[in-house]
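Novice: Contents of entry33.cif (mmCIF, C-alpha atoms and all ligand atoms) are given next:
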data_structure
#
loop_
_atom_site.label_atom_id
_atom_site.label_comp_id
_atom_site.auth_asym_id
_atom_site.auth_seq_id
_atom_site.Cartn_x
_atom_site.Cartn_y
_atom_site.Cartn_z
CA MET A 646 129.03 93.34 99.63
CA THR A 647 126.15 92.04 97.55
CA LEU A 648 124.01 94.44 95.58
CA SER A 649 120.88 93.25 97.36
CA ALA A 650 122.35 94.28 100.72
CA LEU A 651 122.38 97.86 99.42
CA VAL A 652 118.83 97.84 98.13
CA ASN A 653 115.87 99.47 99.86
CA PRO A 654 114.37 96.30 101.41
CA SER A 655 110.85 97.06 100.20
CA VAL A 656 112.12 96.78 96.62
CA LEU A 657 113.20 93.18 97.24
CA THR A 658 109.70 92.20 98.37
CA GLN A 659 107.89 94.36 95.81
CA PRO A 660 105.64 92.15 93.62
CA VAL A 661 106.00 92.55 89.86
CA TYR A 662 103.09 93.42 87.58
CA GLU A 663 102.24 90.68 85.09
CA PRO A 664 100.91 92.36 81.95
CA GLY A 665 98.85 90.75 79.21
CA LYS A 666 101.17 88.64 77.09
CA PRO A 667 102.46 90.68 74.10
CA ILE A 668 101.77 89.25 70.64
CA ASP A 669 105.46 89.14 69.71
CA ASP A 670 106.37 87.16 72.84
CA VAL A 671 103.76 84.53 72.08
CA ALA A 672 104.88 84.39 68.44
CA ARG A 673 108.52 83.84 69.48
CA GLU A 674 107.74 81.28 72.15
CA LEU A 675 105.35 79.19 70.06
CA GLY A 676 106.84 79.76 66.61
CA LEU A 677 103.63 81.38 65.36
CA ASP A 678 103.18 84.18 62.83
CA PRO A 679 102.46 87.35 64.86
CA ALA A 680 100.03 88.50 62.18
CA GLY A 681 97.81 85.52 62.98
CA ILE A 682 97.68 86.08 66.73
CA LEU A 683 94.62 87.61 68.38
CA LYS A 684 95.26 89.45 71.63
CA LEU A 685 92.22 89.75 73.88
CA ALA A 686 94.24 90.14 77.05
CA SER A 687 94.59 93.84 77.89
CA ASN A 688 91.22 95.42 77.10
CA GLU A 689 92.60 97.14 74.03
CA ASN A 690 90.35 98.63 71.39
CA PRO A 691 89.49 96.21 68.55
CA LEU A 692 88.96 99.18 66.20
CA GLY A 693 92.58 100.24 66.63
CA PRO A 694 93.33 103.92 67.28
CA SER A 695 91.13 106.79 66.14
CA PRO A 696 92.19 107.76 62.58
CA LEU A 697 92.15 111.44 63.57
CA ALA A 698 94.54 110.61 66.41
CA VAL A 699 96.88 108.73 64.08
CA ALA A 700 97.00 111.69 61.68
CA ALA A 701 97.75 114.10 64.52
CA ALA A 702 100.39 111.79 65.99
CA THR A 703 102.08 111.52 62.60
CA ARG A 704 102.19 115.31 62.31
CA ALA A 705 103.66 115.56 65.80
CA LEU A 706 106.34 112.99 64.99
CA ALA A 707 107.77 115.38 62.39
CA HIS A 708 108.88 117.53 65.34
CA GLY A 709 110.35 114.74 67.38
CA GLU A 710 113.46 116.84 68.06
CA LEU A 711 111.52 119.20 70.35
CA TYR A 712 110.71 118.55 73.99
CA PRO A 713 106.98 118.23 74.55
CA ASP A 714 104.87 120.81 76.37
CA GLY A 715 105.45 119.64 79.93
CA GLY A 716 102.27 121.40 81.02
CA CYS A 717 100.07 119.72 78.37
CA PHE A 718 98.40 123.09 77.79
CA VAL A 719 96.24 122.25 74.78
CA LEU A 720 95.15 118.88 76.12
CA ARG A 721 94.22 120.30 79.53
CA GLN A 722 92.19 123.11 77.90
CA LYS A 723 90.34 120.56 75.86
CA LEU A 724 89.70 118.31 78.85
CA ALA A 725 88.51 121.28 80.89
CA ALA A 726 85.91 122.09 78.24
CA ARG A 727 84.87 118.45 78.03
CA HIS A 728 84.32 118.08 81.78
CA GLY A 729 83.10 121.61 82.50
CA LEU A 730 85.98 122.24 84.92
CA ALA A 731 89.02 124.56 84.96
CA ALA A 732 92.27 123.57 83.23
CA GLU A 733 94.06 123.93 86.60
CA GLN A 734 92.03 121.00 87.88
CA PHE A 735 93.72 118.56 85.47
CA VAL A 736 96.93 116.60 85.66
CA VAL A 737 98.10 114.48 82.72
CA GLY A 738 100.13 111.33 83.16
CA ASN A 739 102.09 108.74 81.22
CA GLY A 740 99.00 106.59 81.31
CA SER A 741 96.70 106.76 84.30
CA ASN A 742 99.05 104.23 85.89
CA GLU A 743 101.55 107.03 86.37
CA LEU A 744 98.92 109.05 88.21
CA LEU A 745 98.35 106.14 90.59
CA GLU A 746 102.05 106.25 91.41
CA LEU A 747 102.07 110.05 91.74
CA LEU A 748 99.27 109.72 94.32
CA GLY A 749 101.62 107.44 96.25
CA HIS A 750 104.38 110.07 96.05
CA VAL A 751 102.08 112.77 97.34
CA PHE A 752 100.29 110.87 100.11
CA LEU A 753 101.86 107.60 101.21
CA ARG A 754 104.35 106.92 103.97
CA PRO A 755 105.18 103.75 105.92
CA GLY A 756 102.40 103.11 108.43
CA ASP A 757 99.66 104.52 106.20
CA GLU A 758 96.80 102.32 105.08
CA VAL A 759 95.17 102.18 101.68
CA VAL A 760 91.73 100.65 101.27
CA MET A 761 90.88 98.75 98.09
CA GLY A 762 88.62 95.96 96.91
CA ALA A 763 89.80 92.46 96.05
CA PRO A 764 89.94 91.51 93.29
CA ALA A 765 90.49 94.98 91.87
CA PHE A 766 93.14 96.48 89.60
CA ILE A 767 96.44 95.08 90.97
CA VAL A 768 98.35 98.34 90.49
CA TYR A 769 96.65 99.85 93.59
CA LYS A 770 98.31 97.24 95.74
CA LEU A 771 101.66 97.57 93.96
CA VAL A 772 101.72 101.34 94.46
CA THR A 773 100.73 100.99 98.11
CA LEU A 774 103.54 98.50 98.78
CA LEU A 775 106.05 100.57 96.81
CA PHE A 776 105.67 103.40 99.29
CA GLY A 777 105.80 101.12 102.32
CA ALA A 778 102.11 101.60 103.10
CA ARG A 779 99.71 98.79 103.96
CA PRO A 780 97.06 97.55 101.51
CA VAL A 781 93.75 96.81 103.25
CA GLU A 782 91.88 94.54 100.87
CA VAL A 783 88.11 94.23 101.13
CA PRO A 784 86.55 91.22 99.39
CA LEU A 785 84.01 92.01 96.67
CA VAL A 786 80.48 90.70 97.18
CA ALA A 787 78.99 88.95 94.16
CA HIS A 788 81.98 90.28 92.16
CA ARG A 789 81.03 93.88 92.99
CA HIS A 790 82.61 96.44 95.33
CA ASP A 791 80.76 96.47 98.64
CA LEU A 792 80.96 100.12 99.60
CA ASP A 793 79.63 99.55 103.13
CA ALA A 794 82.43 97.04 103.74
CA LEU A 795 84.93 99.45 102.19
CA ALA A 796 83.70 102.19 104.56
CA ARG A 797 84.11 99.85 107.54
CA ALA A 798 87.73 99.17 106.53
CA VAL A 799 88.65 102.86 106.81
CA THR A 800 90.63 103.69 109.98
CA PRO A 801 92.41 106.82 111.24
CA ARG A 802 95.48 105.55 109.34
CA THR A 803 93.71 105.39 105.97
CA LYS A 804 95.08 107.88 103.45
CA LEU A 805 93.65 106.67 100.14
CA VAL A 806 90.66 104.63 99.00
CA PHE A 807 90.77 103.24 95.46
CA LEU A 808 87.53 102.48 93.66
CA PRO A 809 87.49 101.41 90.01
CA SER A 810 84.06 101.47 88.40
CA PRO A 811 83.61 99.53 86.21
CA ASN A 812 86.09 97.39 88.08
CA ASN A 813 88.91 95.51 86.39
CA PRO A 814 88.85 92.45 86.33
CA THR A 815 85.15 91.95 87.17
CA GLY A 816 83.54 94.54 84.86
CA THR A 817 81.02 95.45 87.57
CA ALA A 818 80.08 99.04 88.40
CA ASN A 819 78.75 100.94 91.39
CA THR A 820 75.97 103.51 91.10
CA GLU A 821 76.40 107.25 91.40
CA ALA A 822 74.13 107.34 94.46
CA GLU A 823 76.21 104.67 96.22
CA ILE A 824 79.45 106.44 95.40
CA HIS A 825 78.26 109.88 96.46
CA ALA A 826 76.97 108.55 99.78
CA PHE A 827 80.21 106.64 100.36
CA VAL A 828 82.43 109.66 99.70
CA ARG A 829 80.30 112.01 101.78
CA ALA A 830 80.70 109.68 104.77
CA LEU A 831 84.51 109.39 104.49
CA PRO A 832 86.60 110.96 107.26
CA GLU A 833 88.49 114.12 106.40
CA GLN A 834 91.95 112.58 106.13
CA VAL A 835 90.98 110.23 103.29
CA VAL A 836 91.43 110.93 99.58
CA PHE A 837 89.01 109.09 97.31
CA VAL A 838 90.55 107.86 94.05
CA PHE A 839 87.90 107.00 91.47
CA ASP A 840 89.43 105.02 88.61
CA GLU A 841 87.26 105.56 85.56
CA ALA A 842 89.34 103.71 82.97
CA TYR A 843 86.13 102.23 81.52
CA ALA A 844 83.71 105.09 82.28
CA GLU A 845 83.07 105.83 78.61
CA TYR A 846 81.49 102.40 78.18
CA LEU A 847 78.75 103.28 80.68
CA ASP A 848 75.57 104.98 79.54
CA ASN A 849 75.63 107.34 82.53
CA PRO A 850 78.99 107.42 84.25
CA PRO A 851 78.81 108.68 87.85
CA ASP A 852 79.46 112.43 88.11
CA LEU A 853 82.23 113.38 90.55
CA ARG A 854 81.72 117.10 90.07
CA PRO A 855 79.13 117.59 92.83
CA LEU A 856 81.67 116.10 95.24
CA LEU A 857 84.39 118.41 93.94
CA SER A 858 82.16 121.46 94.36
CA GLU A 859 81.48 120.42 97.94
CA GLY A 860 85.23 120.51 98.52
CA ARG A 861 85.56 116.73 99.02
CA LYS A 862 89.01 115.19 98.58
CA VAL A 863 88.38 113.23 95.39
CA ILE A 864 90.17 112.59 92.11
CA GLY A 865 88.80 110.95 88.97
CA LEU A 866 91.26 109.11 86.73
CA ARG A 867 90.63 108.58 83.04
CA THR A 868 92.71 107.05 80.28
CA PHE A 869 93.19 107.24 76.53
CA SER A 870 94.20 103.57 76.52
CA LYS A 871 90.76 101.98 76.27
CA ILE A 872 87.88 103.56 74.34
CA PHE A 873 90.23 106.00 72.58
CA GLY A 874 92.47 103.15 71.41
CA LEU A 875 95.79 104.80 72.32
CA ALA A 876 97.25 102.38 74.89
CA SER A 877 100.66 102.42 73.19
CA LEU A 878 101.00 106.20 73.52
CA ARG A 879 100.56 106.23 77.32
CA VAL A 880 98.23 109.12 78.12
CA GLY A 881 95.88 109.32 81.09
CA TYR A 882 94.60 112.17 83.22
CA GLY A 883 93.19 113.06 86.59
CA TYR A 884 90.64 115.74 87.42
CA THR A 885 90.38 117.00 90.95
CA SER A 886 90.73 120.19 92.99
CA ALA A 887 93.25 122.70 91.65
CA GLU A 888 95.14 122.17 94.91
CA LEU A 889 95.56 118.41 94.47
CA ALA A 890 96.32 118.80 90.75
CA GLY A 891 99.11 121.18 91.78
CA LEU A 892 100.56 118.68 94.25
CA LEU A 893 100.53 115.90 91.66
CA ASN A 894 102.15 118.20 89.11
CA ARG A 895 104.88 118.92 91.62
CA VAL A 896 106.00 115.27 91.86
CA ARG A 897 105.84 114.26 88.21
CA GLN A 898 108.74 114.42 85.76
CA PRO A 899 108.90 117.69 83.80
CA PHE A 900 108.17 115.97 80.45
CA ASN A 901 106.15 112.97 81.59
CA VAL A 902 103.81 112.90 78.57
CA ASN A 903 105.33 112.83 75.11
CA ALA A 904 104.22 115.20 72.34
CA ILE A 905 102.98 112.42 70.06
CA GLY A 906 100.67 111.14 72.77
CA GLN A 907 99.46 114.65 73.59
CA ALA A 908 98.65 115.40 69.95
CA ALA A 909 96.88 112.07 69.51
CA ALA A 910 94.85 112.56 72.67
CA VAL A 911 93.72 116.05 71.63
CA ALA A 912 92.60 114.74 68.25
CA ALA A 913 90.93 111.67 69.73
CA LEU A 914 88.72 113.89 71.90
CA ASP A 915 87.37 115.42 68.68
CA ASP A 916 86.73 112.06 67.05
CA THR A 917 83.19 111.60 68.34
CA ASP A 918 82.41 109.30 65.42
CA PHE A 919 85.19 106.91 66.47
CA MET A 920 84.04 106.95 70.09
CA ALA A 921 80.48 106.17 69.05
CA ARG A 922 81.66 103.28 66.87
CA ALA A 923 83.85 101.94 69.67
CA ARG A 924 80.92 101.99 72.10
CA ALA A 925 78.56 100.35 69.63
CA THR A 926 81.10 97.68 68.66
CA ASN A 927 81.65 96.91 72.32
CA ALA A 928 77.94 96.71 73.14
CA THR A 929 77.38 94.29 70.25
CA GLY A 930 80.44 92.21 71.10
CA LEU A 931 79.57 92.05 74.78
CA ARG A 932 76.09 90.71 73.97
CA GLN A 933 77.56 88.25 71.45
CA LEU A 934 80.18 86.91 73.87
CA SER A 935 77.92 86.85 76.92
CA SER A 936 75.13 84.91 75.25
CA ALA A 937 77.50 82.51 73.48
CA LEU A 938 79.27 81.69 76.76
CA ILE A 939 75.98 81.26 78.63
CA VAL A 940 74.70 78.93 75.90
CA ARG A 941 77.84 76.84 76.49
CA GLY A 942 76.88 76.55 80.14
CA LEU A 943 79.76 78.69 81.34
CA GLU A 944 79.47 81.11 84.22
CA ILE A 945 80.24 84.74 83.41
CA VAL A 946 80.20 87.94 85.44
CA PRO A 947 77.81 90.39 83.74
CA SER A 948 80.08 93.21 82.58
CA GLU A 949 79.61 96.92 81.98
CA ALA A 950 83.07 97.31 80.46
CA ASN A 951 84.95 96.03 77.40
CA PHE A 952 85.93 92.67 78.87
CA LEU A 953 84.32 89.68 80.48
CA LEU A 954 85.25 87.22 83.21
CA VAL A 955 84.52 83.61 82.30
CA ARG A 956 84.74 80.64 84.64
CA VAL A 957 86.54 77.98 82.64
CA GLY A 958 87.63 75.54 85.38
CA ASP A 959 91.39 75.39 85.05
CA GLY A 960 92.19 78.96 84.02
CA ALA A 961 95.92 78.32 83.53
CA ARG A 962 95.26 75.38 81.21
CA VAL A 963 92.63 77.18 79.16
CA PHE A 964 94.89 80.22 78.89
CA ALA A 965 97.81 78.08 77.66
CA GLU A 966 95.67 76.04 75.23
CA LEU A 967 94.05 79.15 73.76
CA GLN A 968 97.49 80.66 73.36
CA ARG A 969 98.66 77.60 71.41
CA ARG A 970 95.76 78.36 69.07
CA GLY A 971 96.89 81.95 68.68
CA VAL A 972 94.37 83.57 71.05
CA ILE A 973 95.74 85.43 74.08
CA VAL A 974 93.44 85.97 77.06
CA ARG A 975 94.31 86.85 80.65
CA PRO A 976 94.63 84.13 83.27
CA MET A 977 93.15 85.31 86.56
CA LYS A 978 95.34 83.49 89.07
CA PRO A 979 97.21 86.73 89.89
CA TYR A 980 93.81 88.11 90.91
CA GLY A 981 93.06 85.10 93.11
CA MET A 982 90.58 83.62 90.61
CA PRO A 983 92.40 80.55 89.23
CA GLU A 984 89.22 79.12 87.67
CA TRP A 985 88.60 82.18 85.53
CA VAL A 986 90.02 83.93 82.50
CA ARG A 987 89.34 87.51 81.42
CA VAL A 988 88.66 88.10 77.75
CA THR A 989 88.57 91.47 76.02
CA VAL A 990 85.49 92.11 73.90
CA GLY A 991 86.65 92.08 70.30
CA ALA A 992 85.06 92.82 66.96
CA PRO A 993 82.45 90.18 65.97
CA ALA A 994 84.85 87.99 63.94
CA GLN A 995 87.45 88.11 66.72
CA ASN A 996 84.85 87.01 69.26
CA GLU A 997 83.87 84.13 66.97
CA ARG A 998 87.51 83.09 66.71
CA PHE A 999 87.87 83.13 70.50
CA LEU A 1000 84.70 81.05 70.91
CA ALA A 1001 85.80 78.52 68.29
CA ALA A 1002 89.22 78.18 69.95
CA LEU A 1003 87.54 77.77 73.34
CA ASP A 1004 85.33 75.00 71.94
CA GLN A 1005 88.43 73.23 70.66
CA VAL A 1006 90.10 73.53 74.06
CA PHE A 1007 87.08 72.08 75.83
CA ALA A 1008 86.95 69.26 73.27
CA THR A 1009 90.49 68.17 74.22
C1 LIG B 1 93.52 99.81 81.73
C2 LIG B 1 93.33 100.41 83.07
C3 LIG B 1 93.89 101.63 83.39
C4 LIG B 1 94.62 102.44 82.35
O1 LIG B 1 95.95 102.40 82.47
P1 LIG B 1 96.85 103.33 81.54
O2 LIG B 1 98.08 103.49 82.34
O3 LIG B 1 96.12 104.63 81.36
O4 LIG B 1 97.04 102.62 80.26
C5 LIG B 1 93.68 102.16 84.64
N1 LIG B 1 92.92 101.51 85.54
C6 LIG B 1 92.34 100.35 85.26
C7 LIG B 1 91.45 99.71 86.26
C8 LIG B 1 92.55 99.75 84.03
O5 LIG B 1 91.99 98.56 83.76
#
Spell out the structure here as structure tokens.
Ligand SMILES: *Cc1c(COP(=O)(O)O)cnc(C)c1O

Specialist:
Amino acid sequence: MTLSALVNPSVLTQPVYEPGKPIDDVARELGLDPAGILKLASNENPLGPSPLAVAAATRALAHGELYPDGGCFVLRQKLAARHGLAAEQFVVGNGSNELLELLGHVFLRPGDEVVMGAPAFIVYKLVTLLFGARPVEVPLVAHRHDLDALARAVTPRTKLVFLPSPNNPTGTANTEAEIHAFVRALPEQVVFVFDEAYAEYLDNPPDLRPLLSEGRKVIGLRTFSKIFGLASLRVGYGYTSAELAGLLNRVRQPFNVNAIGQAAAVAALDDTDFMARARATNATGLRQLSSALIVRGLEIVPSEANFLLVRVGDGARVFAELQRRGVIVRPMKPYGMPEWVRVTVGAPAQNERFLAALDQVFAT
């Protein structure tokens, strides 16, 4: 009997996530020096990690023999103070990607529907399919989530609605008023998942707390991977009702978040100077990249996040040619946008290098 005959059939049809190309892979494949490669493919922080977080992580490493605090006590206390909520309302994950999967564990069964925009973060669709549920994809309008269309896609079978704002890959955001009205009109059996991976780049991120106090079924997801610069350590969190936090805690692994990541995350929350620098660097870089691309006559999608969609014509070719020049961006074919690439906003010199490489590619 073949192995595949034994496998849960949905695993055989499960699509595979295509991450941003790692620097070492590109170096190996093209015979380049990894030190000279610039990765602008995964919306990572050009400032690196917060120095306070690195110091705390290093201290934690000295006790690598001990299991971590499976309840993330210190981190949840700190997050509770930051958001003005109770520690019981928080659940910490191995990146916010883990929380997306835990939502699938808690809510999804075959026959359920999950409403999401397209293009939006691909992991929503992967999680939906993993649990045998049906993704209901609603096209964006002018690269932005159309909440009226999303509301119309909700049926009695809908269990979850995913909304990232700012959205990845478009960088567009929805307003607080739009989001509040949308959630208040959702039927009772629907849980609203608000993915706020890039919320800290907004001047006024939408506040979910009024919805929580009204007893709405909502969860906000945040991550330490972007503005906090800790993508490698895999820490994200959700804030929601104590009841839903409890359900999510029930289905996670006992030690899902390692102690080094927990220590780094706690310290990063105190590093307000780093956060401010990261925001300022991004605002400057976003203006620099946007205007330089517009001057070149290229179409962009105005972004409120730390990345930018650029229409380059043949996205696969431009991706490959930039890579040959040591600059990694993200081709957008997996998101159904083959003419576009997504570029992370870097520090000023990194953005210049990307632009110079792009000019070379267009000159060929
Ligand atoms: C980067 C990103 C995340 C964060 O994922 P982690 O698992 O926390 O690293 C979540 N959602 C979106 C839309 C993202 O772009």

Novice: Could you jot down the atom CA of A:Val760 to atom CA of A:Asp840 separation for me, Å, one decimal place?

Specialist: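 Pair atom CA of A:Val760 / atom CA of A:Asp840 returns 13.6 Å.
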
Novice: Go through A:Leu1003, A:Ala700, A:Glu841, A:Leu892 one by one, measure the shortest atom-to-atom distance of each to A:Leu748 using all atoms listed in the file, and give the residue with the smallest value.

Specialist: A:Leu892

Novice: Which residues of chain A sit at most 6 Å from ligand LIG 1 (chain B), using all atoms listed in the file? Give each one's shortest atom pair and distance in Å (one decimal place), in chain and ascending residue order, as a tab-separated table.

Specialist:
residue	atom	partner	partner_atom	distance
A:Gly740	CA	B:LIG1	O2	3.4
A:Ser741	CA	B:LIG1	O3	3.7
A:Asn742	CA	B:LIG1	O2	3.8
A:Phe766	CA	B:LIG1	C7	4.9
A:Pro809	CA	B:LIG1	C7	5.7
A:Asn813	CA	B:LIG1	C7	4.9
A:Asp840	CA	B:LIG1	N1	5.8
A:Ala842	CA	B:LIG1	C5	4.9
A:Thr868	CA	B:LIG1	O3	4.3
A:Ser870	CA	B:LIG1	O4	4.8
A:Ala876	CA	B:LIG1	O4	5.4
A:Arg879	CA	B:LIG1	O4	5.8
A:Val880	CA	B:LIG1	O3	5.9
A:Gly881	CA	B:LIG1	O3	4.7

Novice: One number please: atom CA of A:Ser810 to atom CA of A:Arg962, in Å, one decimal.

Specialist: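 A separation of 29.3 Å between them.
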
Novice: Please list as number ranges by chain every residue within 7 Å of stretch 942-958 of chain A, counting only C-alpha atoms and excluding residues in the same chain fewer than 6 positions away.

Specialist: A: 688, 811, 815-818, 843, 846-847, 927, 984-990

Novice: Hey, which of A:Gly738, A:Pro851, A:Gly874, A:Gly777 ends up closest to A:Met920? Count only C-alpha atoms.

Specialist: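 Answer, going by the shortest atom-to-atom distance: A:Gly874.
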
Novice: At a cut-off of 12 Å, using only C-alpha atoms, what residues contact A:Glu833? Leave out same-chain residues fewer than 5 positions from it and give the result as a list in words.

Specialist: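 Selected residues are Val799, Thr800, Pro801, Arg802, Thr803, Lys804, Leu805, Val828, Gly860, Arg861, Lys862 and Val863 of chain A.
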